[in-house]
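Participant: My structure is stored as entry39.pdb, with PDB, C-alpha atoms and all ligand atoms.
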```pdb
ATOM      1  CA  MET A   1      31.928 -21.426  15.172  1.00  0.00           C
ATOM      2  CA  PRO A   2      32.506 -25.196  15.181  1.00  0.00           C
ATOM      3  CA  ALA A   3      36.130 -26.277  15.470  1.00  0.00           C
ATOM      4  CA  LEU A   4      37.704 -28.178  12.609  1.00  0.00           C
ATOM      5  CA  ASP A   5      36.787 -31.561  14.120  1.00  0.00           C
ATOM      6  CA  ASP A   6      33.111 -30.574  14.310  1.00  0.00           C
ATOM      7  CA  LEU A   7      33.321 -29.349  10.748  1.00  0.00           C
ATOM      8  CA  ALA A   8      34.941 -32.650   9.696  1.00  0.00           C
ATOM      9  CA  ARG A   9      31.985 -34.527  11.201  1.00  0.00           C
ATOM     10  CA  GLU A  10      29.606 -32.355   9.150  1.00  0.00           C
ATOM     11  CA  ILE A  11      31.660 -32.905   5.991  1.00  0.00           C
ATOM     12  CA  CYS A  12      31.437 -36.665   6.528  1.00  0.00           C
ATOM     13  CA  LEU A  13      27.631 -36.448   6.316  1.00  0.00           C
ATOM     14  CA  CYS A  14      27.686 -34.564   2.993  1.00  0.00           C
ATOM     15  CA  ARG A  15      25.477 -36.038   0.270  1.00  0.00           C
ATOM     16  CA  LYS A  16      25.718 -33.283  -2.362  1.00  0.00           C
ATOM     17  CA  CYS A  17      27.322 -35.396  -5.123  1.00  0.00           C
ATOM     18  CA  PRO A  18      25.206 -38.524  -5.775  1.00  0.00           C
ATOM     19  CA  ALA A  19      27.904 -40.365  -7.787  1.00  0.00           C
ATOM     20  CA  LEU A  20      30.521 -39.817  -5.084  1.00  0.00           C
ATOM     21  CA  VAL A  21      28.136 -40.732  -2.259  1.00  0.00           C
ATOM     22  CA  LYS A  22      27.490 -44.008  -4.078  1.00  0.00           C
ATOM     23  CA  SER A  23      31.117 -44.891  -4.807  1.00  0.00           C
ATOM     24  CA  ARG A  24      32.924 -43.622  -1.713  1.00  0.00           C
ATOM     25  CA  THR A  25      33.924 -45.800   1.239  1.00  0.00           C
ATOM     26  CA  LEU A  26      34.837 -42.962   3.614  1.00  0.00           C
ATOM     27  CA  VAL A  27      34.755 -39.200   3.270  1.00  0.00           C
ATOM     28  CA  VAL A  28      38.205 -37.612   3.670  1.00  0.00           C
ATOM     29  CA  PRO A  29      37.668 -34.192   5.254  1.00  0.00           C
ATOM     30  CA  GLY A  30      41.357 -33.568   5.984  1.00  0.00           C
ATOM     31  CA  CYS A  31      43.365 -33.517   9.189  1.00  0.00           C
ATOM     32  CA  GLY A  32      45.693 -31.416  11.264  1.00  0.00           C
ATOM     33  CA  PRO A  33      45.692 -29.153  14.312  1.00  0.00           C
ATOM     34  CA  ASP A  34      43.292 -26.179  14.576  1.00  0.00           C
ATOM     35  CA  ASP A  35      46.255 -23.795  14.813  1.00  0.00           C
ATOM     36  CA  ALA A  36      48.335 -25.212  11.941  1.00  0.00           C
ATOM     37  CA  PRO A  37      50.233 -22.347  10.265  1.00  0.00           C
ATOM     38  CA  ILE A  38      50.357 -24.131   6.896  1.00  0.00           C
ATOM     39  CA  LEU A  39      47.511 -25.673   4.911  1.00  0.00           C
ATOM     40  CA  PHE A  40      48.394 -28.124   2.116  1.00  0.00           C
ATOM     41  CA  ILE A  41      45.623 -28.670  -0.429  1.00  0.00           C
ATOM     42  CA  GLY A  42      45.706 -31.599  -2.851  1.00  0.00           C
ATOM     43  CA  GLU A  43      43.222 -32.751  -5.450  1.00  0.00           C
ATOM     44  CA  ALA A  44      41.021 -35.603  -4.234  1.00  0.00           C
ATOM     45  CA  PRO A  45      41.311 -38.768  -2.146  1.00  0.00           C
ATOM     46  CA  GLY A  46      42.613 -41.870  -3.912  1.00  0.00           C
ATOM     47  CA  TYR A  47      42.080 -45.545  -3.064  1.00  0.00           C
ATOM     48  CA  ASN A  48      44.034 -45.599   0.210  1.00  0.00           C
ATOM     49  CA  GLU A  49      42.594 -42.307   1.425  1.00  0.00           C
ATOM     50  CA  ASP A  50      39.056 -43.532   0.678  1.00  0.00           C
ATOM     51  CA  GLN A  51      39.716 -46.715   2.671  1.00  0.00           C
ATOM     52  CA  GLN A  52      41.231 -44.925   5.686  1.00  0.00           C
ATOM     53  CA  GLY A  53      39.367 -41.593   5.696  1.00  0.00           C
ATOM     54  CA  LEU A  54      42.693 -39.742   5.834  1.00  0.00           C
ATOM     55  CA  PRO A  55      44.405 -37.539   3.231  1.00  0.00           C
ATOM     56  CA  PHE A  56      47.675 -38.450   1.518  1.00  0.00           C
ATOM     57  CA  VAL A  57      48.241 -41.891   3.043  1.00  0.00           C
ATOM     58  CA  GLY A  58      49.279 -43.695  -0.177  1.00  0.00           C
ATOM     59  CA  ALA A  59      52.459 -43.407  -2.254  1.00  0.00           C
ATOM     60  CA  ALA A  60      52.040 -39.661  -2.881  1.00  0.00           C
ATOM     61  CA  GLY A  61      51.478 -39.244   0.859  1.00  0.00           C
ATOM     62  CA  ALA A  62      54.718 -41.064   1.662  1.00  0.00           C
ATOM     63  CA  PHE A  63      56.557 -38.556  -0.554  1.00  0.00           C
ATOM     64  CA  LEU A  64      54.667 -35.674   1.088  1.00  0.00           C
ATOM     65  CA  ASP A  65      55.833 -36.960   4.499  1.00  0.00           C
ATOM     66  CA  GLU A  66      59.417 -37.012   3.167  1.00  0.00           C
ATOM     67  CA  LEU A  67      59.020 -33.474   1.861  1.00  0.00           C
ATOM     68  CA  LEU A  68      57.695 -32.295   5.225  1.00  0.00           C
ATOM     69  CA  ALA A  69      60.568 -34.009   7.017  1.00  0.00           C
ATOM     70  CA  SER A  70      63.020 -32.267   4.654  1.00  0.00           C
ATOM     71  CA  ILE A  71      61.866 -28.938   6.148  1.00  0.00           C
ATOM     72  CA  LYS A  72      61.703 -30.380   9.659  1.00  0.00           C
ATOM     73  CA  LEU A  73      57.930 -30.550   9.834  1.00  0.00           C
ATOM     74  CA  LYS A  74      55.781 -33.458  10.887  1.00  0.00           C
ATOM     75  CA  ARG A  75      52.418 -34.292   9.386  1.00  0.00           C
ATOM     76  CA  ASP A  76      50.691 -33.483  12.681  1.00  0.00           C
ATOM     77  CA  GLU A  77      52.050 -29.916  12.606  1.00  0.00           C
ATOM     78  CA  VAL A  78      50.313 -28.965   9.340  1.00  0.00           C
ATOM     79  CA  PHE A  79      46.764 -29.215   8.035  1.00  0.00           C
ATOM     80  CA  ILE A  80      46.244 -31.374   4.941  1.00  0.00           C
ATOM     81  CA  THR A  81      43.090 -31.502   2.855  1.00  0.00           C
ATOM     82  CA  ASN A  82      41.866 -31.763  -0.729  1.00  0.00           C
ATOM     83  CA  ILE A  83      39.797 -29.734  -3.163  1.00  0.00           C
ATOM     84  CA  ILE A  84      37.155 -32.472  -3.028  1.00  0.00           C
ATOM     85  CA  LYS A  85      36.621 -34.679  -0.016  1.00  0.00           C
ATOM     86  CA  CYS A  86      35.382 -37.897  -1.673  1.00  0.00           C
ATOM     87  CA  ARG A  87      37.274 -40.221  -4.027  1.00  0.00           C
ATOM     88  CA  PRO A  88      36.092 -39.963  -7.626  1.00  0.00           C
ATOM     89  CA  PRO A  89      35.314 -43.433  -9.033  1.00  0.00           C
ATOM     90  CA  GLU A  90      38.396 -45.036 -10.677  1.00  0.00           C
ATOM     91  CA  ASN A  91      40.345 -41.928  -9.606  1.00  0.00           C
ATOM     92  CA  ARG A  92      38.867 -39.933 -12.480  1.00  0.00           C
ATOM     93  CA  ASP A  93      39.348 -36.164 -12.473  1.00  0.00           C
ATOM     94  CA  PRO A  94      36.947 -34.258 -10.218  1.00  0.00           C
ATOM     95  CA  LEU A  95      34.007 -32.781 -12.142  1.00  0.00           C
ATOM     96  CA  PRO A  96      33.346 -29.018 -12.082  1.00  0.00           C
ATOM     97  CA  THR A  97      30.058 -29.611 -10.201  1.00  0.00           C
ATOM     98  CA  GLU A  98      31.847 -31.740  -7.612  1.00  0.00           C
ATOM     99  CA  ILE A  99      34.454 -29.019  -7.120  1.00  0.00           C
ATOM    100  CA  SER A 100      31.787 -26.343  -6.698  1.00  0.00           C
ATOM    101  CA  ASN A 101      29.665 -28.547  -4.395  1.00  0.00           C
ATOM    102  CA  CYS A 102      32.699 -29.150  -2.203  1.00  0.00           C
ATOM    103  CA  ASN A 103      34.018 -25.579  -2.234  1.00  0.00           C
ATOM    104  CA  PRO A 104      31.920 -24.375   0.747  1.00  0.00           C
ATOM    105  CA  TRP A 105      33.575 -27.075   2.887  1.00  0.00           C
ATOM    106  CA  LEU A 106      37.009 -25.818   1.884  1.00  0.00           C
ATOM    107  CA  GLU A 107      35.910 -22.233   2.550  1.00  0.00           C
ATOM    108  CA  SER A 108      34.698 -23.225   6.024  1.00  0.00           C
ATOM    109  CA  GLN A 109      37.996 -24.964   6.728  1.00  0.00           C
ATOM    110  CA  LEU A 110      39.875 -21.836   5.622  1.00  0.00           C
ATOM    111  CA  GLY A 111      37.666 -19.632   7.800  1.00  0.00           C
ATOM    112  CA  ARG A 112      38.283 -21.711  10.891  1.00  0.00           C
ATOM    113  CA  LEU A 113      41.963 -22.474  10.354  1.00  0.00           C
ATOM    114  CA  LYS A 114      43.103 -19.045   9.166  1.00  0.00           C
ATOM    115  CA  PRO A 115      46.473 -20.431   8.002  1.00  0.00           C
ATOM    116  CA  ARG A 116      49.440 -18.142   7.442  1.00  0.00           C
ATOM    117  CA  MET A 117      50.356 -20.077   4.334  1.00  0.00           C
ATOM    118  CA  ILE A 118      48.372 -22.093   1.777  1.00  0.00           C
ATOM    119  CA  VAL A 119      50.347 -24.552  -0.352  1.00  0.00           C
ATOM    120  CA  THR A 120      48.589 -25.773  -3.479  1.00  0.00           C
ATOM    121  CA  LEU A 121      49.515 -29.286  -4.601  1.00  0.00           C
ATOM    122  CA  GLY A 122      48.751 -29.900  -8.260  1.00  0.00           C
ATOM    123  CA  ARG A 123      46.530 -28.355 -10.872  1.00  0.00           C
ATOM    124  CA  TYR A 124      43.056 -28.434  -9.250  1.00  0.00           C
ATOM    125  CA  SER A 125      44.284 -26.698  -6.162  1.00  0.00           C
ATOM    126  CA  LEU A 126      46.320 -24.314  -8.348  1.00  0.00           C
ATOM    127  CA  ALA A 127      43.195 -23.465 -10.376  1.00  0.00           C
ATOM    128  CA  ARG A 128      41.323 -22.589  -7.175  1.00  0.00           C
ATOM    129  CA  PHE A 129      43.976 -20.241  -5.749  1.00  0.00           C
ATOM    130  CA  PHE A 130      45.931 -19.105  -8.834  1.00  0.00           C
ATOM    131  CA  PRO A 131      43.234 -18.978 -11.521  1.00  0.00           C
ATOM    132  CA  GLY A 132      44.545 -18.886 -15.088  1.00  0.00           C
ATOM    133  CA  LYS A 133      48.097 -19.810 -14.059  1.00  0.00           C
ATOM    134  CA  THR A 134      50.118 -22.790 -15.280  1.00  0.00           C
ATOM    135  CA  ILE A 135      51.911 -25.039 -12.803  1.00  0.00           C
ATOM    136  CA  SER A 136      55.062 -25.369 -14.936  1.00  0.00           C
ATOM    137  CA  LYS A 137      55.412 -21.559 -14.914  1.00  0.00           C
ATOM    138  CA  ILE A 138      54.582 -20.681 -11.318  1.00  0.00           C
ATOM    139  CA  HIS A 139      55.579 -23.686  -9.203  1.00  0.00           C
ATOM    140  CA  GLY A 140      57.908 -22.627  -6.413  1.00  0.00           C
ATOM    141  CA  THR A 141      56.577 -19.063  -6.404  1.00  0.00           C
ATOM    142  CA  ALA A 142      54.528 -17.275  -3.758  1.00  0.00           C
ATOM    143  CA  GLN A 143      52.006 -14.463  -3.585  1.00  0.00           C
ATOM    144  CA  LYS A 144      50.907 -12.676  -0.447  1.00  0.00           C
ATOM    145  CA  ARG A 145      47.262 -11.646  -0.391  1.00  0.00           C
ATOM    146  CA  ASN A 146      45.522 -10.215   2.653  1.00  0.00           C
ATOM    147  CA  GLY A 147      48.297 -11.421   4.913  1.00  0.00           C
ATOM    148  CA  VAL A 148      48.227 -15.020   3.649  1.00  0.00           C
ATOM    149  CA  ILE A 149      51.082 -16.509   1.598  1.00  0.00           C
ATOM    150  CA  TYR A 150      49.930 -18.643  -1.328  1.00  0.00           C
ATOM    151  CA  PHE A 151      52.577 -21.027  -2.638  1.00  0.00           C
ATOM    152  CA  ALA A 152      52.197 -23.218  -5.727  1.00  0.00           C
ATOM    153  CA  MET A 153      53.756 -26.675  -5.941  1.00  0.00           C
ATOM    154  CA  TYR A 154      53.543 -29.671  -8.222  1.00  0.00           C
ATOM    155  CA  HIS A 155      51.472 -32.525  -6.829  1.00  0.00           C
ATOM    156  CA  PRO A 156      53.739 -35.038  -5.008  1.00  0.00           C
ATOM    157  CA  ALA A 157      52.308 -37.785  -7.260  1.00  0.00           C
ATOM    158  CA  ALA A 158      53.868 -35.979 -10.249  1.00  0.00           C
ATOM    159  CA  ALA A 159      57.287 -37.116  -8.981  1.00  0.00           C
ATOM    160  CA  LEU A 160      56.074 -40.715  -8.968  1.00  0.00           C
ATOM    161  CA  HIS A 161      55.087 -40.510 -12.647  1.00  0.00           C
ATOM    162  CA  GLN A 162      57.885 -38.213 -13.799  1.00  0.00           C
ATOM    163  CA  GLY A 163      61.041 -38.823 -11.793  1.00  0.00           C
ATOM    164  CA  THR A 164      62.741 -35.675 -13.071  1.00  0.00           C
ATOM    165  CA  LEU A 165      60.244 -33.566 -11.116  1.00  0.00           C
ATOM    166  CA  ARG A 166      61.304 -35.049  -7.792  1.00  0.00           C
ATOM    167  CA  GLN A 167      64.244 -32.697  -7.264  1.00  0.00           C
ATOM    168  CA  THR A 168      62.178 -29.691  -8.408  1.00  0.00           C
ATOM    169  CA  ILE A 169      59.510 -30.527  -5.826  1.00  0.00           C
ATOM    170  CA  ILE A 170      62.136 -30.950  -3.092  1.00  0.00           C
ATOM    171  CA  GLU A 171      63.655 -27.573  -4.001  1.00  0.00           C
ATOM    172  CA  ASP A 172      60.261 -25.845  -4.059  1.00  0.00           C
ATOM    173  CA  MET A 173      59.417 -27.306  -0.646  1.00  0.00           C
ATOM    174  CA  ALA A 174      62.724 -25.998   0.713  1.00  0.00           C
ATOM    175  CA  ARG A 175      61.512 -22.415   0.124  1.00  0.00           C
ATOM    176  CA  ILE A 176      58.606 -22.741   2.573  1.00  0.00           C
ATOM    177  CA  PRO A 177      60.433 -22.078   5.887  1.00  0.00           C
ATOM    178  CA  GLY A 178      62.102 -18.944   4.498  1.00  0.00           C
ATOM    179  CA  LEU A 179      58.833 -17.579   3.142  1.00  0.00           C
ATOM    180  CA  LEU A 180      57.104 -18.141   6.470  1.00  0.00           C
ATOM    181  CA  ALA A 181      59.959 -16.505   8.379  1.00  0.00           C
ATOM    182  CA  GLN A 182      60.047 -13.561   5.976  1.00  0.00           C
ATOM    183  CA  ALA A 183      56.288 -13.121   6.301  1.00  0.00           C
ATOM    184  CA  SER A 184      56.428 -12.992  10.086  1.00  0.00           C
ATOM    185  CA  LYS A 185      59.050 -10.234   9.914  1.00  0.00           C
ATOM    186  CA  VAL A 186      56.955  -8.073   7.574  1.00  0.00           C
ATOM    187  CA  ALA A 187      54.373  -6.062   9.515  1.00  0.00           C
ATOM    188  CA  GLU A 188      50.819  -7.100   8.671  1.00  0.00           C
ATOM    189  CA  ASP A 189      49.119  -4.750   6.224  1.00  0.00           C
ATOM    190  CA  ASP A 190      45.773  -3.191   7.014  1.00  0.00           C
ATOM    191  CA  GLN A 191      44.865  -2.957   3.364  1.00  0.00           C
ATOM    192  CA  PRO A 192      44.125  -5.998   1.208  1.00  0.00           C
ATOM    193  CA  ARG A 193      46.760  -6.328  -1.466  1.00  0.00           C
ATOM    194  CA  GLN A 194      48.293  -8.754  -3.839  1.00  0.00           C
ATOM    195  CA  MET A 195      52.059  -8.958  -3.673  1.00  0.00           C
ATOM    196  CA  SER A 196      54.243 -11.061  -5.846  1.00  0.00           C
ATOM    197  CA  MET A 197      57.115 -12.300  -3.706  1.00  0.00           C
ATOM    198  CA  PHE A 198      58.965 -13.946  -6.593  1.00  0.00           C
TER
HETATM  199  N1  LIG B   1      46.240 -37.256  -3.978  1.00  0.00           N
HETATM  200  C1  LIG B   1      45.561 -36.172  -3.532  1.00  0.00           C
HETATM  201  O1  LIG B   1      45.440 -35.171  -4.231  1.00  0.00           O
HETATM  202  N2  LIG B   1      45.051 -36.225  -2.329  1.00  0.00           N
HETATM  203  C2  LIG B   1      45.159 -37.261  -1.527  1.00  0.00           C
HETATM  204  O2  LIG B   1      44.650 -37.196  -0.407  1.00  0.00           O
HETATM  205  C3  LIG B   1      45.883 -38.376  -1.989  1.00  0.00           C
HETATM  206  C4  LIG B   1      46.408 -38.354  -3.226  1.00  0.00           C
END
```
Turn the structure described in the file into structure tokens.
Ligand code: URA
Facilitator:
Amino acid sequence: MPALDDLAREICLCRKCPALVKSRTLVVPGCGPDDAPILFIGEAPGYNEDQQGLPFVGAAGAFLDELLASIKLKRDEVFITNIIKCRPPENRDPLPTEISNCNPWLESQLGRLKPRMIVTLGRYSLARFFPGKTISKIHGTAQKRNGVIYFAMYHPAAALHQGTLRQTIIEDMARIPGLLAQASKVAEDDQPRQMSMF
């Protein structure tokens, strides 16, 4: 099975969405070590990400770096990607076809990384992993399914638009180390299950 770097090279050749192929500068497959315990999943690359080919390198990324530092993590210790890997023109919302075209790439990343924890950032990522749920109701809460902890957070950019969310996002982030520690103490289940942790 190709490692995540090989997969990233394949993702960069993707031509499934004609509008995105036309408008993109660089594909943004995501980055992080192959053995990262935590996978953060945002929405889609923005202007800076499209220019650099790296996720979360603009203003929202600077806040994400701060959030990681607040729980003593560095960017190169986690894996960061997006629901779609190409910037939508004018930063419009990703289209349903673009999300479904890109989903196999995300699935392949999940299969290779096998993270212990998946953190959803914002509503597109929430919709993929917590279908039917609302971010304002479930942010800061976790579910354990098949040995993986799923944790819902507001998108870091939300704090840039709505300052009052900043503290909420910081507090939600602060729960991550405890959840990971708690999960490593609990013996792994053989049976698939869905467990609400809070
Ligand atoms: N917002 C996202 O959702 N992803 C990025 O990579 C940058 C901004």
Participant: Compute the set of protein, DNA and RNA residues whose minimum atom distance to ligand LIG 1 (chain B) is at most 6 Å, using all atoms listed in the file, and state it as a list in words.
Facilitator: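 Answer in the requested format: Gly42, Glu43, Ala44, Pro45, Gly46, Glu49, Pro55, Phe56, Ala60 and Asn82 of chain A.
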Participant: As an exercise, work out the distance from atom CA of Arg175 of chain A to atom CA of Gly58 of chain A in Å and give it to one decimal place.
Facilitator: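 Straight-line distance from atom CA of Arg175 of chain A to atom CA of Gly58 of chain A works out to 24.5 Å.
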Participant: Take the PyMOL selection byres (((chain A and resi 68-77) around 9) and not hetatm), apply it to the structure above, and return the hits as a PDB file with C-alpha atoms, in the frame of the given file.
Facilitator:
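Here's the written file expr_19.pdb:
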```
ATOM      1  CA  CYS A  31      43.365 -33.517   9.189  1.00  0.00           C
ATOM      2  CA  GLY A  32      45.693 -31.416  11.264  1.00  0.00           C
ATOM      3  CA  PRO A  33      45.692 -29.153  14.312  1.00  0.00           C
ATOM      4  CA  ASP A  35      46.255 -23.795  14.813  1.00  0.00           C
ATOM      5  CA  ALA A  36      48.335 -25.212  11.941  1.00  0.00           C
ATOM      6  CA  PRO A  37      50.233 -22.347  10.265  1.00  0.00           C
ATOM      7  CA  ILE A  38      50.357 -24.131   6.896  1.00  0.00           C
ATOM      8  CA  PHE A  63      56.557 -38.556  -0.554  1.00  0.00           C
ATOM      9  CA  LEU A  64      54.667 -35.674   1.088  1.00  0.00           C
ATOM     10  CA  ASP A  65      55.833 -36.960   4.499  1.00  0.00           C
ATOM     11  CA  GLU A  66      59.417 -37.012   3.167  1.00  0.00           C
ATOM     12  CA  LEU A  67      59.020 -33.474   1.861  1.00  0.00           C
ATOM     13  CA  VAL A  78      50.313 -28.965   9.340  1.00  0.00           C
ATOM     14  CA  PHE A  79      46.764 -29.215   8.035  1.00  0.00           C
ATOM     15  CA  ILE A  80      46.244 -31.374   4.941  1.00  0.00           C
ATOM     16  CA  ILE A 170      62.136 -30.950  -3.092  1.00  0.00           C
ATOM     17  CA  MET A 173      59.417 -27.306  -0.646  1.00  0.00           C
ATOM     18  CA  ALA A 174      62.724 -25.998   0.713  1.00  0.00           C
ATOM     19  CA  ARG A 175      61.512 -22.415   0.124  1.00  0.00           C
ATOM     20  CA  ILE A 176      58.606 -22.741   2.573  1.00  0.00           C
ATOM     21  CA  PRO A 177      60.433 -22.078   5.887  1.00  0.00           C
TER      22      PRO A 177
END
```
Participant: I'd like to know which of A:Gly163, A:Pro29, A:Gly122, A:Gly53 is closest to Asn103 of chain A, using all atoms listed in the file.
Facilitator: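 Closest residue, counting all atoms listed in the file: A:Pro29.
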Participant: Please indicate the distance in Å from atom CA of Leu110 of chain A to atom CA of Thr168 of chain A, rounded to one decimal place.
Facilitator: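 Calculated distance between atom CA of Leu110 of chain A and atom CA of Thr168 of chain A is 27.5 Å.
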Participant: In file coordinates, which residues lie within 12 Å of (39.0, -43.9, -5.9) using only C-alpha atoms, given as a PyMOL selection string?
Facilitator: chain A and resi 19-28+43-53+58+84-94
Participant: So what do you get for atom CA of Ile99 of chain A versus atom CA of Ile83 of chain A, distance-wise?
Facilitator: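 Pair atom CA of Ile99 of chain A / atom CA of Ile83 of chain A returns 6.7 Å.
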Participant: For Tyr150 of chain A, list every protein, DNA or RNA residue within 7 Å, evaluated using only C-alpha atoms, and leave out those in the same chain fewer than 5 positions away; present the list as a CSV table (one decimal) with C-alpha atoms, keeping the file's coordinate frame.
Facilitator:
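Generated output (selection00.csv):
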```csv
chain,number,residue,atom,x,y,z
A,117,MET,CA,50.4,-20.1,4.3
A,118,ILE,CA,48.4,-22.1,1.8
A,119,VAL,CA,50.3,-24.6,-0.4
A,142,ALA,CA,54.5,-17.3,-3.8
A,143,GLN,CA,52.0,-14.5,-3.6
A,144,LYS,CA,50.9,-12.7,-0.4
```
Participant: Using only C-alpha atoms, which residues sit within 8 Å of segment 135-141 of chain A once same-chain residues fewer than 2 positions away are excluded, as a list in words?
Facilitator: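 My reading of the contact set: Gly122, Arg123, Leu126, Lys133, Gln143, Phe151, Ala152, Met153, Tyr154, Glu171, Asp172, Met173, Arg175, Met197 and Phe198 of chain A.
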Participant: Residues as selected, C-alpha atoms, written as a CSV table (one decimal), in the frame of the given file, can you do that?
Facilitator:
```csv
chain,number,residue,atom,x,y,z
A,122,GLY,CA,48.8,-29.9,-8.3
A,123,ARG,CA,46.5,-28.4,-10.9
A,126,LEU,CA,46.3,-24.3,-8.3
A,133,LYS,CA,48.1,-19.8,-14.1
A,143,GLN,CA,52.0,-14.5,-3.6
A,151,PHE,CA,52.6,-21.0,-2.6
A,152,ALA,CA,52.2,-23.2,-5.7
A,153,MET,CA,53.8,-26.7,-5.9
A,154,TYR,CA,53.5,-29.7,-8.2
A,171,GLU,CA,63.7,-27.6,-4.0
A,172,ASP,CA,60.3,-25.8,-4.1
A,173,MET,CA,59.4,-27.3,-0.6
A,175,ARG,CA,61.5,-22.4,0.1
A,197,MET,CA,57.1,-12.3,-3.7
A,198,PHE,CA,59.0,-13.9,-6.6
```
Participant: Which of these residues is nearest to Asp34 of chain A, using only C-alpha atoms: A:Leu106, A:Val148, A:Leu13, A:Leu113?
Facilitator: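 The answer is A:Leu113, which sits nearest to Asp34 of chain A.
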Participant: For a quick check of understanding, using only C-alpha atoms, which of A:Ile41, A:Gln182, A:Val57, A:Trp105 has the smallest distance to Cys12 of chain A?
Facilitator: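 Ranking A:Ile41, A:Gln182, A:Val57, A:Trp105 by distance to Cys12 of chain A, first place goes to A:Trp105.
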Participant: From the options A:Leu39, A:Leu121, A:Ala62, A:Leu54, which residue's atoms come nearest to Ile149 of chain A, counting all atoms listed in the file?
Facilitator: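 Smallest distance to Ile149 of chain A is found for A:Leu39.
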